[in-house]
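Below you'll find the structure, written out as structure tokens, and then a few comments.
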Amino acid sequence: MSRLSLCPVCRKAVALPAELRPESFPFCTERCRLVDLGKWFDGDYVLAEPISPDNHEAIEEVLAARQGEG
Ligand SMILES: [Zn+2]
């Protein structure tokens, strides 16, 4: 069995053993790590995870409380 993981950015194989894997793990290189970080800032991942029911309820509570203050 190969002990390899795929870089989430470029899908290149990255070695899993600590002595072999790059500091940028799970990314193959520092460059890919920064690319992934950039995706977060660009908002690419914001819509990937829907608001959970818990969050939704909390938001409704805040909105209701604000309306009550009016
Ligand atoms: Zn990569």
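Chain labels run A, B, ... following the order of the structure tokens; each chain numbers its residues from 1, and ligands are numbered from 1 in the order shown.
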Next on the checklist: ligand 1: which residues are within 12 Å, counting only C-alpha atoms and all ligand atoms? Reply as a count of residues only.
Outcome noted: 25
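One finds atom CA of A:Gly38 at 27.3 Å from atom CA of A:Glu19.
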